[in-house]
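Read the structure below first, then the notes.
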Amino acid sequence: MGKVILEVKELTTKYITRFREDVYAVDHVSLKVEEGKSLGIAGESGCGKSTLALSLMGYYFPPLYYTSGDIIIDGRNISGMDPDDVRRSILGKEIAYIPQAAMNALNPTQKVIHFVEDVIQAHNPKATKKEIYELARERFHVLGLPEEVLHKYPVELSGGMKQRTVIAVSVILGPKVLIADEPSSALDVTSQKMVIKMLRGLMESGMIKSMIFITHELPLLYNVTDHIMVMYAGQIVEHGAAQEAVFDPLHPYAKGLMGSIIVPEEGLRGHKLTAIPGVPPNLKKPPSGCRFAERCKYVKPECKGAAVAIREASNGRTYRCIFTESELRETYQNGA
Amino acid sequence: MKGYRKYFTTKLVWFLTTFVFAFLLNFILPRLMPGDPVAVITQRVTQGMTSQSGAQAVYEQYAEQFGTNKPLWEQFARYMANVVRGDFGVSFSQYPRPVAQILGASIGWTIALQFPAIIVGWLIGNTLGALAAYLKGGFDKVVMPVSIFISNFPAFGMAVILLVVFGVNLRWFPTSGGYGFDLIPSASWGFVWSVIVHYQLPFWSVVLISIGGQAIGMRSMAIYELNADYVKYARFMGIKDWKIIGYVFRNAMLPQITGLALSIGTMVGGALVAEIIFSYPGLGYTILNGVIGQDYPLISAATLIITVMVLIANFAIEIIYGLIDPRIKAAQAD
Ligand SMILES: Nc1ncnc2c1ncn2[C@@H]1O[C@H](COP(=O)(O)OP(=O)(O)OP(=O)(O)O)[C@@H](O)[C@H]1O
Ligand SMILES: [Mg+2]
């Protein structure tokens, strides 16, 4: 087992809305990312993927608030740290986040190089423009981006180029963890492939130490990441090696997502997570028992009682269900 | 840069075309007004004269001098030749003063009144709008309604209120003229002081009127920019707030520059109300007198100056704006 770069223990965070209704968008989430490894997070829209990303960066600005749990980055516990300190000493440097709308992530009226200067000087005020330029040029070169991009305004770049520029800028300080939030969902297939290739390259060249990749297109995860976590209504419902989570899921939700899939790769593409009938619960008033019970094909009365704990299965996998691994396998065999 | 040159050329062609039409209209429109100004001058000069033929002779002499007895196209040719030389003819209503001299004396007053007032109004308005967007809460709740109220206020209403309150009731400032009527312009302290106190009411009436609209525009631009994705991303990369606010206000400010340049271009029109109400000796006040006296040469020349200013301001906005805002530049390149 490699060195643990990021460890999150029982993290719970909430949004406090204008009408004082709390939204527990991240509920007792635990995860680990080791050096050189990547973790994929999948789940349907609104399940809390982006909120989890912000939460584990320590980015607590209203309306998002920290409730409980630990966040340990490379041995340093940042939970409870002042958000302004987090911004100063963690963001961009220890953890970098590529936001969901990466296309619009750059200031349209600022040349790329000037933004790079601002990023680097925010963490290292002594860096000179010349040093920064040299570094940026070298990085862009390694990542296969033309040097001219540095002298352009973001409005002058194509969508795919903007996306790749944002990725390049995000890793300029060599963060330990890179979180890519649906980095490719708005792109065409060619650009998607380029982005994925670029992200893999970042890992291989050691520019980043680990990566979290958020998406709702599971096939992308299977191709890119070592581990996969499936989220449902703010909770983790399945967590394991990519191969097993995709092709042999235990949780009925994960099963439902992948159930119809026979052919890997091409057949997976386009299979969206919303294919399961029903809607997820309202996070303002989540059900006390299993959150998936309402939509589960195999629901039993006891599912709706007390909160369901995480269970461990073979190969270090975990899932959140009242049934044991063998019970689930049996049910799936009979039901299918 | 190739795209920008094309953009520049297109704008220049538009500028010149508009200019030619404006020049023509400037000449024709005042001459379409009913009435005969030469007859009015003749009447003034020949008052008490009994001989009908004598008056007729005077009339013809003036008609010859002003060229009003010639066909319109010939008048136009003469006018154009003179304008090129900076000669706008002789005023009808203030005969025999040359128009160029009358305008030269009043334009300085208008610029001295309007230019600082526009800049000050723009700066105050934009600062208030930006602060309202950034601070939100109580500050916003006060600034917004007041701005909306002021921006919908007619210009003459503002001038009259200032005049009544600070001029008539409180007697803090004089209510008319550019300086004390008993003074002769000179470089003395007494005269300068008189100019300063006479300046206040017209100045603030223009400033106050422009603040509201600028503040509203800036506020909505800034709110839009503050919620933009690049603001969040800059935060995610650990950039400090004051730097991000710099991005936001620069982006919000760029479109506001259009408003600034436009008000500078239309400054004469903007000054009209304040100058008339406070009898301020600027261009607006002069034009009013010109219209009353059916003074073709004066009106033509004054409107020509206004037209040229507006056109130049518009042209300058588009050229400068295209240069400083990459969003426009990129759109032009498409
Ligand atoms: N600013 C906010 N205030 C209140 N609730 C919020 C806020 N942002 C998100 N939420 C709620 O938190 C939940 C999780 O949202 P989040 O954006 O993390 O979902 P997501 O999994 O990233 O979805 P998507 O795939 O659409 O990006 C949702 O129910 C959402 O309504
Ligand atoms: Mg999201």
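Going through the structure tokens in order, the chains are called A, B, and so on, while each chain numbers its residues from 1 and the ligands are numbered from 1 in the order shown.
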
At most 7 Å to chain A: residues in chain B, only C-alpha atoms, as a count of residues only: 13

Residues up to 8 Å from ligand 2, counting only C-alpha atoms and all ligand atoms: could you list those as a PDB file with all heavy atoms, in the first residue's frame?
```pdb
ATOM      1  N   SER A  45     -27.042  13.682 -10.959  1.00  0.00           N
ATOM      2  CA  SER A  45     -27.008  15.115 -10.694  1.00  0.00           C
ATOM      3  C   SER A  45     -27.652  15.443  -9.352  1.00  0.00           C
ATOM      4  O   SER A  45     -28.723  14.937  -9.038  1.00  0.00           O
ATOM      5  CB  SER A  45     -27.743  15.824 -11.823  1.00  0.00           C
ATOM      6  OG  SER A  45     -27.661  17.200 -11.646  1.00  0.00           O
ATOM      7  N   GLY A  46     -26.988  16.241  -8.559  1.00  0.00           N
ATOM      8  CA  GLY A  46     -27.543  16.686  -7.285  1.00  0.00           C
ATOM      9  C   GLY A  46     -27.209  15.774  -6.119  1.00  0.00           C
ATOM     10  O   GLY A  46     -27.645  16.020  -4.997  1.00  0.00           O
ATOM     11  N   GLY A  48     -24.387  15.382  -4.714  1.00  0.00           N
ATOM     12  CA  GLY A  48     -23.423  15.998  -3.808  1.00  0.00           C
ATOM     13  C   GLY A  48     -21.970  15.847  -4.209  1.00  0.00           C
ATOM     14  O   GLY A  48     -21.075  16.081  -3.386  1.00  0.00           O
ATOM     15  N   LYS A  49     -21.704  15.528  -5.463  1.00  0.00           N
ATOM     16  CA  LYS A  49     -20.313  15.326  -5.899  1.00  0.00           C
ATOM     17  C   LYS A  49     -19.501  16.612  -5.795  1.00  0.00           C
ATOM     18  O   LYS A  49     -18.408  16.619  -5.226  1.00  0.00           O
ATOM     19  CB  LYS A  49     -20.292  14.805  -7.349  1.00  0.00           C
ATOM     20  CG  LYS A  49     -21.086  13.529  -7.558  1.00  0.00           C
ATOM     21  CD  LYS A  49     -21.024  13.048  -8.997  1.00  0.00           C
ATOM     22  CE  LYS A  49     -21.653  13.966 -10.017  1.00  0.00           C
ATOM     23  NZ  LYS A  49     -23.108  14.104  -9.926  1.00  0.00           N
ATOM     24  N   SER A  50     -20.045  17.694  -6.347  1.00  0.00           N
ATOM     25  CA  SER A  50     -19.294  18.955  -6.305  1.00  0.00           C
ATOM     26  C   SER A  50     -19.160  19.454  -4.873  1.00  0.00           C
ATOM     27  O   SER A  50     -18.120  19.996  -4.496  1.00  0.00           O
ATOM     28  CB  SER A  50     -19.998  20.020  -7.151  1.00  0.00           C
ATOM     29  OG  SER A  50     -20.087  19.594  -8.484  1.00  0.00           O
ATOM     30  N   THR A  51     -20.207  19.250  -4.090  1.00  0.00           N
ATOM     31  CA  THR A  51     -20.147  19.682  -2.693  1.00  0.00           C
ATOM     32  C   THR A  51     -19.076  18.900  -1.946  1.00  0.00           C
ATOM     33  O   THR A  51     -18.328  19.465  -1.141  1.00  0.00           O
ATOM     34  CB  THR A  51     -21.515  19.465  -2.023  1.00  0.00           C
ATOM     35  OG1 THR A  51     -22.520  20.044  -2.851  1.00  0.00           O
ATOM     36  CG2 THR A  51     -21.558  20.107  -0.650  1.00  0.00           C
ATOM     37  N   GLN A 100     -16.561  22.563 -12.499  1.00  0.00           N
ATOM     38  CA  GLN A 100     -17.454  21.961 -13.473  1.00  0.00           C
ATOM     39  C   GLN A 100     -17.554  22.792 -14.751  1.00  0.00           C
ATOM     40  O   GLN A 100     -17.540  22.254 -15.839  1.00  0.00           O
ATOM     41  CB  GLN A 100     -18.839  21.839 -12.824  1.00  0.00           C
ATOM     42  CG  GLN A 100     -19.642  20.697 -13.339  1.00  0.00           C
ATOM     43  CD  GLN A 100     -20.721  20.288 -12.340  1.00  0.00           C
ATOM     44  OE1 GLN A 100     -20.728  20.702 -11.193  1.00  0.00           O
ATOM     45  NE2 GLN A 100     -21.634  19.472 -12.790  1.00  0.00           N
ATOM     46  N   ASP A 181     -13.717  18.148 -11.803  1.00  0.00           N
ATOM     47  CA  ASP A 181     -15.165  17.999 -11.669  1.00  0.00           C
ATOM     48  C   ASP A 181     -15.816  17.988 -13.048  1.00  0.00           C
ATOM     49  O   ASP A 181     -15.919  19.029 -13.697  1.00  0.00           O
ATOM     50  CB  ASP A 181     -15.718  19.149 -10.813  1.00  0.00           C
ATOM     51  CG  ASP A 181     -17.135  18.878 -10.317  1.00  0.00           C
ATOM     52  OD1 ASP A 181     -17.762  17.926 -10.813  1.00  0.00           O
ATOM     53  OD2 ASP A 181     -17.609  19.623  -9.443  1.00  0.00           O
ATOM     54  N   GLU A 182     -16.240  16.832 -13.479  1.00  0.00           N
ATOM     55  CA  GLU A 182     -16.844  16.654 -14.800  1.00  0.00           C
ATOM     56  C   GLU A 182     -16.067  17.427 -15.863  1.00  0.00           C
ATOM     57  O   GLU A 182     -16.615  18.267 -16.559  1.00  0.00           O
ATOM     58  CB  GLU A 182     -18.299  17.145 -14.791  1.00  0.00           C
ATOM     59  CG  GLU A 182     -19.054  16.628 -13.594  1.00  0.00           C
ATOM     60  CD  GLU A 182     -20.409  16.070 -13.935  1.00  0.00           C
ATOM     61  OE1 GLU A 182     -20.689  15.853 -15.128  1.00  0.00           O
ATOM     62  OE2 GLU A 182     -21.174  15.826 -12.989  1.00  0.00           O
TER      63      GLU A 182
END
```

Backbone DSSP call of strand (DSSP E) for stretch 134-311 of chain A, listed as a count of residues only: 26

Pick from A:Leu39, A:Met211, A:Ile236, A:Leu143 nearest to ligand 1, counting only C-alpha atoms and all ligand atoms: A:Ile236

At most 8 Å from ligand 1 (only C-alpha atoms and all ligand atoms): residue list as a ChimeraX atom specification: /A:15-17,22-26,43-53,62-64,100,181-182,215-216,233-234,282-283

Based on the selection just made, write N, CA, C and O atoms of those residues as a compact mmCIF listing (two decimals), in the first residue's frame.
```txt
# COMPACT_ATOMS: atom_id res chain seq x y z
N TYR A 15 -25.33 22.76 3.59
CA TYR A 15 -25.66 24.10 3.12
C TYR A 15 -26.72 24.64 4.05
O TYR A 15 -27.67 23.94 4.39
N ILE A 16 -26.54 25.88 4.47
CA ILE A 16 -27.62 26.53 5.23
C ILE A 16 -28.27 27.50 4.27
O ILE A 16 -27.65 28.46 3.82
N THR A 17 -29.51 27.21 3.91
CA THR A 17 -30.17 28.02 2.90
C THR A 17 -30.77 29.27 3.52
O THR A 17 -30.78 29.44 4.72
N ASP A 22 -31.49 23.20 6.42
CA ASP A 22 -30.17 22.64 6.16
C ASP A 22 -30.25 21.56 5.09
O ASP A 22 -31.17 20.75 5.07
N VAL A 23 -29.26 21.60 4.19
CA VAL A 23 -29.15 20.56 3.18
C VAL A 23 -27.88 19.79 3.47
O VAL A 23 -26.78 20.32 3.33
N TYR A 24 -28.03 18.54 3.93
CA TYR A 24 -26.84 17.73 4.22
C TYR A 24 -26.40 17.06 2.92
O TYR A 24 -26.80 15.94 2.62
N ALA A 25 -25.59 17.79 2.16
CA ALA A 25 -25.22 17.29 0.83
C ALA A 25 -24.05 16.32 0.90
O ALA A 25 -23.80 15.58 -0.04
N VAL A 26 -23.30 16.33 2.01
CA VAL A 26 -22.22 15.35 2.21
C VAL A 26 -22.43 14.74 3.59
O VAL A 26 -22.41 15.44 4.60
N GLY A 43 -22.25 9.52 -9.74
CA GLY A 43 -23.55 9.65 -9.11
C GLY A 43 -24.39 10.62 -9.91
O GLY A 43 -23.86 11.44 -10.65
N GLU A 44 -25.73 10.53 -9.75
CA GLU A 44 -26.56 11.38 -10.60
C GLU A 44 -26.52 12.83 -10.11
O GLU A 44 -26.04 13.12 -9.02
N SER A 45 -27.04 13.68 -10.96
CA SER A 45 -27.01 15.11 -10.69
C SER A 45 -27.65 15.44 -9.35
O SER A 45 -28.72 14.94 -9.04
N GLY A 46 -26.99 16.24 -8.56
CA GLY A 46 -27.54 16.69 -7.28
C GLY A 46 -27.21 15.77 -6.12
O GLY A 46 -27.65 16.02 -5.00
N CYS A 47 -26.42 14.70 -6.34
CA CYS A 47 -26.15 13.78 -5.25
C CYS A 47 -25.06 14.30 -4.31
O CYS A 47 -24.82 13.73 -3.25
N GLY A 48 -24.39 15.38 -4.71
CA GLY A 48 -23.42 16.00 -3.81
C GLY A 48 -21.97 15.85 -4.21
O GLY A 48 -21.07 16.08 -3.39
N LYS A 49 -21.70 15.53 -5.46
CA LYS A 49 -20.31 15.33 -5.90
C LYS A 49 -19.50 16.61 -5.79
O LYS A 49 -18.41 16.62 -5.23
N SER A 50 -20.05 17.69 -6.35
CA SER A 50 -19.29 18.95 -6.31
C SER A 50 -19.16 19.45 -4.87
O SER A 50 -18.12 20.00 -4.50
N THR A 51 -20.21 19.25 -4.09
CA THR A 51 -20.15 19.68 -2.69
C THR A 51 -19.08 18.90 -1.95
O THR A 51 -18.33 19.46 -1.14
N LEU A 52 -18.97 17.61 -2.23
CA LEU A 52 -17.92 16.81 -1.61
C LEU A 52 -16.55 17.36 -1.98
O LEU A 52 -15.66 17.49 -1.13
N ALA A 53 -16.40 17.73 -3.25
CA ALA A 53 -15.11 18.28 -3.69
C ALA A 53 -14.76 19.53 -2.89
O ALA A 53 -13.66 19.64 -2.33
N PRO A 62 -19.97 30.65 2.93
CA PRO A 62 -21.42 30.55 2.94
C PRO A 62 -21.94 30.32 1.53
O PRO A 62 -21.36 30.86 0.60
N PRO A 63 -22.96 29.52 1.38
CA PRO A 63 -23.77 28.86 2.40
C PRO A 63 -23.26 27.48 2.84
O PRO A 63 -23.99 26.78 3.53
N LEU A 64 -22.02 27.11 2.47
CA LEU A 64 -21.52 25.78 2.83
C LEU A 64 -20.81 25.82 4.19
O LEU A 64 -19.96 26.69 4.41
N GLN A 100 -16.56 22.56 -12.50
CA GLN A 100 -17.45 21.96 -13.47
C GLN A 100 -17.55 22.79 -14.75
O GLN A 100 -17.54 22.25 -15.84
N ASP A 181 -13.72 18.15 -11.80
CA ASP A 181 -15.17 18.00 -11.67
C ASP A 181 -15.82 17.99 -13.05
O ASP A 181 -15.92 19.03 -13.70
N GLU A 182 -16.24 16.83 -13.48
CA GLU A 182 -16.84 16.65 -14.80
C GLU A 182 -16.07 17.43 -15.86
O GLU A 182 -16.62 18.27 -16.56
N THR A 215 -17.63 12.53 -12.25
CA THR A 215 -18.39 12.46 -13.50
C THR A 215 -19.72 11.78 -13.27
O THR A 215 -19.95 11.18 -12.22
N HIS A 216 -20.64 11.90 -14.24
CA HIS A 216 -21.77 10.99 -14.17
C HIS A 216 -21.74 9.99 -15.32
O HIS A 216 -22.65 9.23 -15.51
N ALA A 233 -27.47 10.53 -2.91
CA ALA A 233 -28.09 11.42 -1.91
C ALA A 233 -27.13 11.77 -0.77
O ALA A 233 -27.47 11.63 0.40
N GLY A 234 -25.93 12.19 -1.11
CA GLY A 234 -24.99 12.67 -0.11
C GLY A 234 -24.16 11.60 0.58
O GLY A 234 -23.29 11.91 1.37
N ASN A 282 -35.31 14.26 -1.21
CA ASN A 282 -34.99 15.65 -0.91
C ASN A 282 -33.96 15.68 0.22
O ASN A 282 -34.19 15.14 1.30
N LEU A 283 -32.83 16.33 -0.04
CA LEU A 283 -31.75 16.32 0.96
C LEU A 283 -32.05 17.19 2.17
O LEU A 283 -31.32 17.17 3.15
```

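Taking atom CA of B:Ile277 and atom CA of B:Ala301 as endpoints, the distance between them is 22.8 Å.
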
B:Leu25 environment, 12 Å, only C-alpha atoms, sequence neighbours closer than 2 positions dropped, as a list in words: Thr18, Phe19, Val20, Phe21, Ala22, Phe23, Phe27, Ile28, Leu29, Pro30, Arg31, Leu32, Phe76, Ile299, Ser300, Ala301, Thr303, Leu304 and Thr307 of chain B
